[in-house]
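Containing CSV, N, CA and C atoms: input16.csv.
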chain,number,residue,atom,x,y,z
H,1375,MET,N,0.8,-1.2,0.0
H,1375,MET,CA,0.0,0.0,0.0
H,1375,MET,C,0.9,1.3,0.0
H,1376,ALA,N,0.3,2.3,-0.5
H,1376,ALA,CA,1.0,3.6,-0.5
H,1376,ALA,C,1.3,4.2,0.8
H,1377,THR,N,2.3,5.1,0.9
H,1377,THR,CA,2.5,5.7,2.2
H,1377,THR,C,1.4,6.7,2.6
H,1378,SER,N,1.3,7.0,3.8
H,1378,SER,CA,0.2,7.8,4.3
H,1378,SER,C,0.1,9.2,3.7
H,1379,ASN,N,1.2,9.8,3.2
H,1379,ASN,CA,1.2,11.2,2.7
H,1379,ASN,C,1.2,11.2,1.2
H,1380,SER,N,1.0,10.1,0.5
H,1380,SER,CA,1.2,10.1,-0.9
H,1380,SER,C,-0.2,10.3,-1.6
H,1381,ARG,N,-0.2,10.9,-2.8
H,1381,ARG,CA,-1.4,10.9,-3.6
H,1381,ARG,C,-1.5,9.6,-4.3
H,1382,LEU,N,-2.7,9.0,-4.3
H,1382,LEU,CA,-2.9,7.7,-4.9
H,1382,LEU,C,-3.2,7.8,-6.4
H,1383,LYS,N,-2.7,6.9,-7.1
H,1383,LYS,CA,-3.1,6.8,-8.5
H,1383,LYS,C,-4.4,6.1,-8.7
H,1384,TYR,N,-5.2,6.6,-9.6
H,1384,TYR,CA,-6.5,6.0,-9.8
H,1384,TYR,C,-7.0,6.3,-11.2
H,1385,ARG,N,-8.0,5.6,-11.6
H,1385,ARG,CA,-8.6,5.9,-12.9
H,1385,ARG,C,-10.1,6.1,-12.7
H,1386,ILE,N,-10.8,6.7,-13.7
H,1386,ILE,CA,-12.2,6.9,-13.6
H,1386,ILE,C,-12.9,5.7,-14.1
H,1387,ALA,N,-13.6,5.0,-13.2
H,1387,ALA,CA,-14.3,3.8,-13.5
H,1387,ALA,C,-15.7,4.1,-14.0
H,1388,ARG,N,-16.3,5.2,-13.6
H,1388,ARG,CA,-17.7,5.5,-14.0
H,1388,ARG,C,-17.9,7.0,-13.8
H,1389,CYS,N,-18.7,7.6,-14.7
H,1389,CYS,CA,-19.1,9.0,-14.6
H,1389,CYS,C,-20.5,9.1,-15.3
H,1390,THR,N,-21.5,9.6,-14.6
H,1390,THR,CA,-22.8,9.6,-15.2
H,1390,THR,C,-23.1,10.8,-16.2
H,1391,SER,N,-22.3,11.9,-16.1
H,1391,SER,CA,-22.3,12.9,-17.1
H,1391,SER,C,-21.2,13.8,-17.0
H,1392,GLU,N,-20.9,14.6,-18.0
H,1392,GLU,CA,-19.8,15.6,-18.0
H,1392,GLU,C,-20.1,16.6,-19.0
H,1393,GLU,N,-19.7,17.8,-18.7
H,1393,GLU,CA,-19.8,19.0,-19.7
H,1393,GLU,C,-18.6,18.8,-20.6
H,1394,PRO,N,-18.8,19.0,-22.0
H,1394,PRO,CA,-17.7,18.8,-22.9
H,1394,PRO,C,-16.4,19.6,-22.6
H,1395,ASP,N,-16.6,20.8,-22.1
H,1395,ASP,CA,-15.4,21.7,-21.8
H,1395,ASP,C,-14.8,21.4,-20.4
H,1396,PHE,N,-15.5,20.5,-19.6
H,1396,PHE,CA,-15.0,20.2,-18.3
H,1396,PHE,C,-15.1,18.7,-18.1
H,1397,PRO,N,-14.4,17.8,-18.9
H,1397,PRO,CA,-14.6,16.4,-18.8
H,1397,PRO,C,-14.1,15.8,-17.5
H,1398,VAL,N,-14.6,14.6,-17.2
H,1398,VAL,CA,-14.2,13.9,-15.9
H,1398,VAL,C,-12.7,13.6,-15.9
H,1399,SER,N,-12.1,13.5,-17.1
H,1399,SER,CA,-10.6,13.3,-17.2
H,1399,SER,C,-9.8,14.4,-16.5
H,1400,GLU,N,-10.4,15.5,-16.3
H,1400,GLU,CA,-9.8,16.6,-15.6
H,1400,GLU,C,-9.4,16.2,-14.1
H,1401,LEU,N,-10.1,15.2,-13.6
H,1401,LEU,CA,-9.9,14.8,-12.2
H,1401,LEU,C,-8.6,13.9,-12.1
H,1402,LEU,N,-8.0,13.6,-13.3
H,1402,LEU,CA,-6.8,12.8,-13.3
H,1402,LEU,C,-5.5,13.5,-13.1
H,1403,SER,N,-5.6,14.8,-13.3
H,1403,SER,CA,-4.3,15.6,-13.1
H,1403,SER,C,-4.6,16.8,-12.2
H,1404,HIS,N,-3.5,17.3,-11.6
H,1404,HIS,CA,-3.6,18.4,-10.7
H,1404,HIS,C,-2.5,19.4,-11.0
H,1405,SER,N,-2.9,20.5,-11.6
H,1405,SER,CA,-2.0,21.6,-12.0
H,1405,SER,C,-2.7,22.9,-12.0
H,1406,GLN,N,-2.0,24.0,-12.3
H,1406,GLN,CA,-2.6,25.3,-12.4
H,1406,GLN,C,-3.6,25.4,-13.6
H,1407,GLN,N,-3.3,24.6,-14.6
H,1407,GLN,CA,-4.1,24.6,-15.8
H,1407,GLN,C,-5.4,23.7,-15.7
H,1408,THR,N,-5.5,22.9,-14.7
H,1408,THR,CA,-6.6,21.9,-14.6
H,1408,THR,C,-7.9,22.7,-14.4
H,1409,LYS,N,-8.9,22.4,-15.2
H,1409,LYS,CA,-10.2,23.2,-15.1
H,1409,LYS,C,-11.2,22.5,-14.2
H,1410,GLY,N,-11.0,21.2,-13.9
H,1410,GLY,CA,-12.0,20.5,-13.1
H,1410,GLY,C,-13.1,19.9,-13.9
H,1411,TRP,N,-13.9,19.0,-13.2
H,1411,TRP,CA,-15.0,18.3,-13.8
H,1411,TRP,C,-16.3,19.1,-13.5
H,1412,GLN,N,-17.2,19.1,-14.5
H,1412,GLN,CA,-18.5,19.6,-14.3
H,1412,GLN,C,-19.5,18.7,-14.9
H,1413,THR,N,-20.7,18.5,-14.3
H,1413,THR,CA,-21.8,17.7,-14.9
H,1413,THR,C,-22.3,18.4,-16.1
H,1414,ALA,N,-23.0,17.6,-16.9
H,1414,ALA,CA,-23.6,18.1,-18.1
H,1414,ALA,C,-24.7,19.1,-17.7
H,1415,ARG,N,-24.9,20.2,-18.5
H,1415,ARG,CA,-26.0,21.1,-18.2
H,1415,ARG,C,-27.3,20.4,-18.2
H,1416,TYR,N,-28.2,20.8,-17.3
H,1416,TYR,CA,-29.5,20.3,-17.2
H,1416,TYR,C,-29.6,18.8,-17.0
H,1417,CYS,N,-28.6,18.2,-16.3
H,1417,CYS,CA,-28.6,16.8,-16.1
H,1417,CYS,C,-29.5,16.4,-14.9
H,1418,ASP,N,-29.9,15.2,-14.9
H,1418,ASP,CA,-30.7,14.7,-13.7
H,1418,ASP,C,-29.7,14.4,-12.6
H,1419,PHE,N,-30.2,14.6,-11.4
H,1419,PHE,CA,-29.4,14.4,-10.2
H,1419,PHE,C,-30.0,13.2,-9.4
H,1420,PRO,N,-29.2,12.5,-8.6
H,1420,PRO,CA,-27.8,12.7,-8.3
H,1420,PRO,C,-26.9,12.3,-9.5
H,1421,GLN,N,-25.7,12.8,-9.5
H,1421,GLN,CA,-24.7,12.4,-10.4
H,1421,GLN,C,-23.6,11.6,-9.7
H,1422,GLU,N,-22.9,10.7,-10.4
H,1422,GLU,CA,-22.0,9.8,-9.8
H,1422,GLU,C,-20.6,9.9,-10.5
H,1423,VAL,N,-19.6,9.9,-9.8
H,1423,VAL,CA,-18.2,9.7,-10.3
H,1423,VAL,C,-17.6,8.6,-9.4
H,1424,CYS,N,-17.1,7.6,-10.0
H,1424,CYS,CA,-16.5,6.5,-9.3
H,1424,CYS,C,-15.0,6.4,-9.7
H,1425,LEU,N,-14.1,6.4,-8.7
H,1425,LEU,CA,-12.7,6.2,-8.9
H,1425,LEU,C,-12.3,4.8,-8.6
H,1426,GLN,N,-11.3,4.3,-9.3
H,1426,GLN,CA,-10.8,2.9,-9.1
H,1426,GLN,C,-9.3,3.0,-8.9
H,1427,PHE,N,-8.9,2.4,-7.8
H,1427,PHE,CA,-7.4,2.3,-7.5
H,1427,PHE,C,-7.0,1.0,-8.1
H,1428,ASP,N,-5.7,0.9,-8.4
H,1428,ASP,CA,-5.1,-0.3,-9.0
H,1428,ASP,C,-5.3,-1.5,-8.1
H,1429,SER,N,-5.2,-1.3,-6.8
H,1429,SER,CA,-5.4,-2.4,-5.9
H,1429,SER,C,-6.0,-1.8,-4.6
H,1430,PRO,N,-6.4,-2.6,-3.7
H,1430,PRO,CA,-7.0,-2.0,-2.4
H,1430,PRO,C,-6.0,-1.0,-1.8
H,1431,VAL,N,-6.5,0.1,-1.3
H,1431,VAL,CA,-5.6,1.1,-0.6
H,1431,VAL,C,-6.2,1.5,0.7
H,1432,HIS,N,-5.4,2.0,1.6
H,1432,HIS,CA,-5.9,2.4,2.9
H,1432,HIS,C,-6.1,3.9,2.8
H,1433,LEU,N,-7.4,4.3,2.7
H,1433,LEU,CA,-7.7,5.7,2.6
H,1433,LEU,C,-7.8,6.4,4.0
H,1434,ARG,N,-7.2,7.5,4.1
H,1434,ARG,CA,-7.2,8.2,5.4
H,1434,ARG,C,-7.8,9.6,5.2
H,1435,GLN,N,-7.7,10.2,4.0
H,1435,GLN,CA,-8.2,11.5,3.7
H,1435,GLN,C,-8.6,11.6,2.3
H,1436,VAL,N,-9.8,12.3,2.0
H,1436,VAL,CA,-10.3,12.6,0.7
H,1436,VAL,C,-10.5,14.1,0.7
H,1437,GLN,N,-10.0,14.8,-0.4
H,1437,GLN,CA,-10.2,16.2,-0.5
H,1437,GLN,C,-11.1,16.5,-1.7
H,1438,PHE,N,-11.9,17.6,-1.5
H,1438,PHE,CA,-12.8,18.1,-2.6
H,1438,PHE,C,-12.5,19.6,-2.7
H,1439,LEU,N,-12.3,20.0,-3.9
H,1439,LEU,CA,-12.1,21.5,-4.2
H,1439,LEU,C,-13.3,21.9,-5.0
H,1440,SER,N,-14.2,22.8,-4.4
H,1440,SER,CA,-15.4,23.2,-5.1
H,1440,SER,C,-15.2,24.5,-5.9
H,1441,HIS,N,-15.9,24.5,-7.1
H,1441,HIS,CA,-15.9,25.7,-7.9
H,1441,HIS,C,-16.5,26.9,-7.1
H,1442,GLN,N,-16.2,28.1,-7.4
H,1442,GLN,CA,-16.7,29.3,-6.6
H,1442,GLN,C,-18.2,29.5,-6.8
H,1443,SER,N,-18.8,29.1,-7.9
H,1443,SER,CA,-20.2,29.4,-8.1
H,1443,SER,C,-21.0,28.1,-8.5
H,1444,LYS,N,-20.4,27.1,-9.0
H,1444,LYS,CA,-21.1,25.9,-9.3
H,1444,LYS,C,-20.8,24.9,-8.2
H,1445,ILE,N,-21.7,24.9,-7.2
H,1445,ILE,CA,-21.4,24.2,-5.9
H,1445,ILE,C,-22.4,23.1,-5.7
H,1446,ALA,N,-21.8,21.9,-5.4
H,1446,ALA,CA,-22.7,20.8,-5.1
H,1446,ALA,C,-23.4,21.0,-3.8
H,1447,THR,N,-24.7,20.6,-3.7
H,1447,THR,CA,-25.4,20.8,-2.5
H,1447,THR,C,-25.0,19.8,-1.4
H,1448,LYS,N,-24.7,18.6,-1.9
H,1448,LYS,CA,-24.3,17.5,-1.0
H,1448,LYS,C,-23.4,16.5,-1.8
H,1449,ILE,N,-22.4,16.0,-1.1
H,1449,ILE,CA,-21.6,14.9,-1.7
H,1449,ILE,C,-21.6,13.7,-0.8
H,1450,GLU,N,-22.1,12.6,-1.3
H,1450,GLU,CA,-22.1,11.4,-0.5
H,1450,GLU,C,-20.9,10.5,-0.9
H,1451,LEU,N,-20.3,9.9,0.1
H,1451,LEU,CA,-19.1,9.1,-0.1
H,1451,LEU,C,-19.5,7.6,0.1
H,1452,PHE,N,-19.1,6.8,-0.9
H,1452,PHE,CA,-19.2,5.4,-0.8
H,1452,PHE,C,-17.9,4.7,-1.1
H,1453,THR,N,-17.5,3.6,-0.5
H,1453,THR,CA,-16.3,2.9,-0.9
H,1453,THR,C,-16.7,1.4,-1.1
H,1454,GLY,N,-15.8,0.7,-1.8
H,1454,GLY,CA,-16.1,-0.7,-2.1
H,1454,GLY,C,-14.8,-1.4,-2.4
H,1455,LEU,N,-14.9,-2.7,-2.2
H,1455,LEU,CA,-13.8,-3.6,-2.6
H,1455,LEU,C,-14.3,-4.6,-3.6
H,1456,ALA,N,-13.5,-4.9,-4.6
H,1456,ALA,CA,-13.9,-5.9,-5.6
H,1456,ALA,C,-13.8,-7.3,-5.0
H,1457,PRO,N,-14.7,-8.2,-5.2
H,1457,PRO,CA,-14.6,-9.6,-4.8
H,1457,PRO,C,-13.3,-10.2,-5.4
H,1458,ALA,N,-12.7,-11.1,-4.7
H,1458,ALA,CA,-11.5,-11.8,-5.2
H,1458,ALA,C,-11.7,-12.3,-6.6
H,1459,GLY,N,-10.8,-12.0,-7.5
H,1459,GLY,CA,-10.9,-12.4,-8.9
H,1459,GLY,C,-11.8,-11.6,-9.8
H,1460,LEU,N,-12.5,-10.7,-9.2
H,1460,LEU,CA,-13.4,-9.8,-10.0
H,1460,LEU,C,-13.1,-8.4,-9.7
H,1461,GLY,N,-12.5,-7.7,-10.7
H,1461,GLY,CA,-12.0,-6.3,-10.6
H,1461,GLY,C,-13.0,-5.3,-11.2
H,1462,HIS,N,-14.2,-5.8,-11.6
H,1462,HIS,CA,-15.0,-4.8,-12.3
H,1462,HIS,C,-16.1,-4.2,-11.4
H,1463,LEU,N,-16.5,-3.1,-11.8
H,1463,LEU,CA,-17.4,-2.2,-11.0
H,1463,LEU,C,-18.8,-2.9,-10.6
H,1464,GLU,N,-19.3,-3.7,-11.6
H,1464,GLU,CA,-20.6,-4.3,-11.4
H,1464,GLU,C,-20.6,-5.3,-10.2
H,1465,ALA,N,-19.5,-5.9,-9.9
H,1465,ALA,CA,-19.4,-6.9,-8.8
H,1465,ALA,C,-19.2,-6.3,-7.4
H,1466,VAL,N,-19.0,-5.0,-7.3
H,1466,VAL,CA,-18.6,-4.3,-6.1
H,1466,VAL,C,-19.8,-4.0,-5.2
H,1467,GLN,N,-19.7,-4.4,-3.9
H,1467,GLN,CA,-20.7,-4.0,-3.0
H,1467,GLN,C,-20.2,-2.7,-2.3
H,1468,PHE,N,-21.0,-1.6,-2.5
H,1468,PHE,CA,-20.5,-0.3,-1.9
H,1468,PHE,C,-21.1,-0.1,-0.5
H,1469,LYS,N,-20.3,0.5,0.3
H,1469,LYS,CA,-20.7,0.9,1.7
H,1469,LYS,C,-20.7,2.4,1.8
H,1470,ARG,N,-21.8,3.0,2.3
H,1470,ARG,CA,-21.9,4.4,2.5
H,1470,ARG,C,-21.1,4.8,3.7
H,1471,LEU,N,-20.2,5.8,3.5
H,1471,LEU,CA,-19.4,6.3,4.6
H,1471,LEU,C,-20.1,7.5,5.2
H,1472,GLY,N,-20.9,8.3,4.5
H,1472,GLY,CA,-21.6,9.5,5.0
H,1472,GLY,C,-21.6,10.5,3.9
H,1473,TYR,N,-21.9,11.8,4.3
H,1473,TYR,CA,-22.0,12.8,3.3
H,1473,TYR,C,-21.3,14.1,3.9
H,1474,LEU,N,-21.1,15.1,3.0
H,1474,LEU,CA,-20.6,16.4,3.4
H,1474,LEU,C,-21.4,17.4,2.6
H,1475,SER,N,-21.5,18.6,3.2
H,1475,SER,CA,-22.1,19.7,2.5
H,1475,SER,C,-21.1,20.8,2.3
H,1476,LEU,N,-21.4,21.6,1.3
H,1476,LEU,CA,-20.5,22.7,1.0
H,1476,LEU,C,-21.2,24.0,1.2
H,1477,ASP,N,-20.4,25.1,1.5
H,1477,ASP,CA,-21.0,26.4,1.7
H,1477,ASP,C,-21.6,26.9,0.4
H,1478,ASN,N,-22.7,27.6,0.5
H,1478,ASN,CA,-23.3,28.1,-0.8
H,1478,ASN,C,-22.5,29.3,-1.4
H,1479,ASN,N,-21.6,29.9,-0.6
H,1479,ASN,CA,-20.6,30.9,-1.1
H,1479,ASN,C,-21.2,32.3,-1.3
H,1480,GLU,N,-22.4,32.5,-0.8
H,1480,GLU,CA,-23.0,33.8,-0.9
H,1480,GLU,C,-22.1,34.9,-0.2
H,1481,ARG,N,-21.6,34.5,1.0
H,1481,ARG,CA,-20.8,35.5,1.8
H,1481,ARG,C,-19.6,36.0,1.1
H,1482,SER,N,-19.0,35.2,0.2
H,1482,SER,CA,-17.9,35.7,-0.6
H,1482,SER,C,-18.3,36.3,-1.9
H,1483,GLN,N,-19.6,36.4,-2.1
H,1483,GLN,CA,-20.1,36.8,-3.4
H,1483,GLN,C,-19.6,35.9,-4.6
H,1484,PHE,N,-19.5,34.6,-4.3
H,1484,PHE,CA,-19.2,33.6,-5.2
H,1484,PHE,C,-17.7,33.8,-5.8
H,1485,GLN,N,-16.8,34.3,-4.9
H,1485,GLN,CA,-15.5,34.6,-5.4
H,1485,GLN,C,-14.5,33.5,-4.8
H,1486,ALA,N,-14.8,32.8,-3.8
H,1486,ALA,CA,-13.9,31.9,-3.2
H,1486,ALA,C,-14.2,30.4,-3.4
H,1487,ARG,N,-13.2,29.6,-3.7
H,1487,ARG,CA,-13.4,28.2,-3.8
H,1487,ARG,C,-13.3,27.6,-2.4
H,1488,GLU,N,-13.9,26.4,-2.2
H,1488,GLU,CA,-13.9,25.8,-0.9
H,1488,GLU,C,-13.1,24.4,-1.0
H,1489,LEU,N,-12.2,24.2,-0.2
H,1489,LEU,CA,-11.4,22.9,-0.1
H,1489,LEU,C,-11.9,22.2,1.2
H,1490,LYS,N,-12.5,21.1,1.0
H,1490,LYS,CA,-13.0,20.2,2.1
H,1490,LYS,C,-12.1,19.0,2.2
H,1491,SER,N,-11.7,18.7,3.4
H,1491,SER,CA,-11.0,17.5,3.7
H,1491,SER,C,-11.8,16.6,4.5
H,1492,VAL,N,-12.0,15.4,4.1
H,1492,VAL,CA,-12.8,14.4,4.8
H,1492,VAL,C,-11.8,13.3,5.3
H,1493,TYR,N,-11.8,13.1,6.6
H,1493,TYR,CA,-10.9,12.1,7.2
H,1493,TYR,C,-11.7,10.8,7.4
H,1494,VAL,N,-11.1,9.8,6.8
H,1494,VAL,CA,-11.7,8.4,6.8
H,1494,VAL,C,-10.6,7.4,7.2
H,1495,ASP,N,-11.0,6.2,7.5
H,1495,ASP,CA,-10.1,5.2,7.8
H,1495,ASP,C,-10.7,3.9,7.3
H,1496,VAL,N,-10.4,3.7,6.0
H,1496,VAL,CA,-11.1,2.5,5.3
H,1496,VAL,C,-10.2,2.0,4.2
H,1497,VAL,N,-10.2,0.7,4.0
H,1497,VAL,CA,-9.5,0.0,2.9
H,1497,VAL,C,-10.5,-0.1,1.8
H,1498,ALA,N,-10.2,0.4,0.6
H,1498,ALA,CA,-11.1,0.4,-0.6
H,1498,ALA,C,-10.3,0.3,-1.9
H,1499,GLN,N,-11.0,-0.2,-2.9
H,1499,GLN,CA,-10.5,-0.2,-4.2
H,1499,GLN,C,-11.3,0.8,-5.1
H,1500,PHE,N,-12.5,1.1,-4.6
H,1500,PHE,CA,-13.4,2.0,-5.4
H,1500,PHE,C,-13.8,3.1,-4.4
H,1501,LEU,N,-14.0,4.3,-4.9
H,1501,LEU,CA,-14.5,5.4,-4.2
H,1501,LEU,C,-15.5,6.2,-5.0

As structure tokens, please, write out the structure in this file.
Amino acid sequence: MATSNSRLKYRIARCTSEEPDFPVSELLSHSQQTKGWQTARYCDFPQEVCLQFDSPVHLRQVQFLSHQSKIATKIELFTGLAPAGLGHLEAVQFKRLGYLSLDNNERSQFQARELKSVYVDVVAQFL
């Protein structure tokens, strides 16, 4: 397993929608030029993004950086492990860890992004 302070490598296993100018693949890199992921306009909710790690990892912290004006009302976290010999998403039994809410950002007049850190202690291959 990776060390406790490392960023884990993952791939996008599933995404229910994306805006063409802000594809889910934006979640795979972290730089000043990264634009981030956005759902398709006028999509149905809830929306899902599922990340898959190469092998089971011990997750201790998950971070979310919110757009200054396109803010999720609620983010629910689920994790899962693939059954032995089956590494595909359809075979995974997910467990709900809980949810987090983000500030609506009215106080900053929609100028500030919000970074949320969620501390967990779970072994998972899917998030």

For segment 1401-1415 of chain H, find every residue with an atom within 6 Å (counting all atoms listed in the file), except residues of its own chain fewer than 6 positions away, and show them as a tab-separated table (two decimals) with N, CA and C atoms, in the frame of the given file.
chain	number	residue	atom	x	y	z
H	1391	SER	N	-22.30	11.90	-16.10
H	1391	SER	CA	-22.30	12.90	-17.10
H	1391	SER	C	-21.20	13.80	-17.00
H	1392	GLU	N	-20.90	14.60	-18.00
H	1392	GLU	CA	-19.80	15.60	-18.00
H	1392	GLU	C	-20.10	16.60	-19.00
H	1393	GLU	N	-19.70	17.80	-18.70
H	1393	GLU	CA	-19.80	19.00	-19.70
H	1393	GLU	C	-18.60	18.80	-20.60

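Between atom N of Arg1470 of chain H and atom C of Val1497 of chain H the separation is 11.7 Å.
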
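Picture a line from atom CA of Tyr1493 of chain H to atom C of His1462 of chain H; it runs 25.3 Å.
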
Determine the nearest neighbour of Ala1446 of chain H from the options H:Ser1399, H:Thr1390, H:Gln1499, H:Ser1475, counting only N, CA and C atoms.
-> H:Ser1475

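Note that the spacing between atom CA of Gln1437 of chain H and atom CA of Val1398 of chain H amounts to 16.1 Å.
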
What lies within 5 Å of segment 1451-1454 of chain H using all atoms listed in the file, ignoring chain neighbours under 6 positions off, as a ChimeraX atom specification?
-> /H:1467-1473,1498-1501

Helix (DSSP H, G or I) positions in segment 1382-1500 of chain H, given as a list of chain:residue names | H:Val1398, H:Ser1399, H:Glu1400, H:Leu1401, H:Leu1402, H:Leu1463, H:Glu1464, H:Ala1465
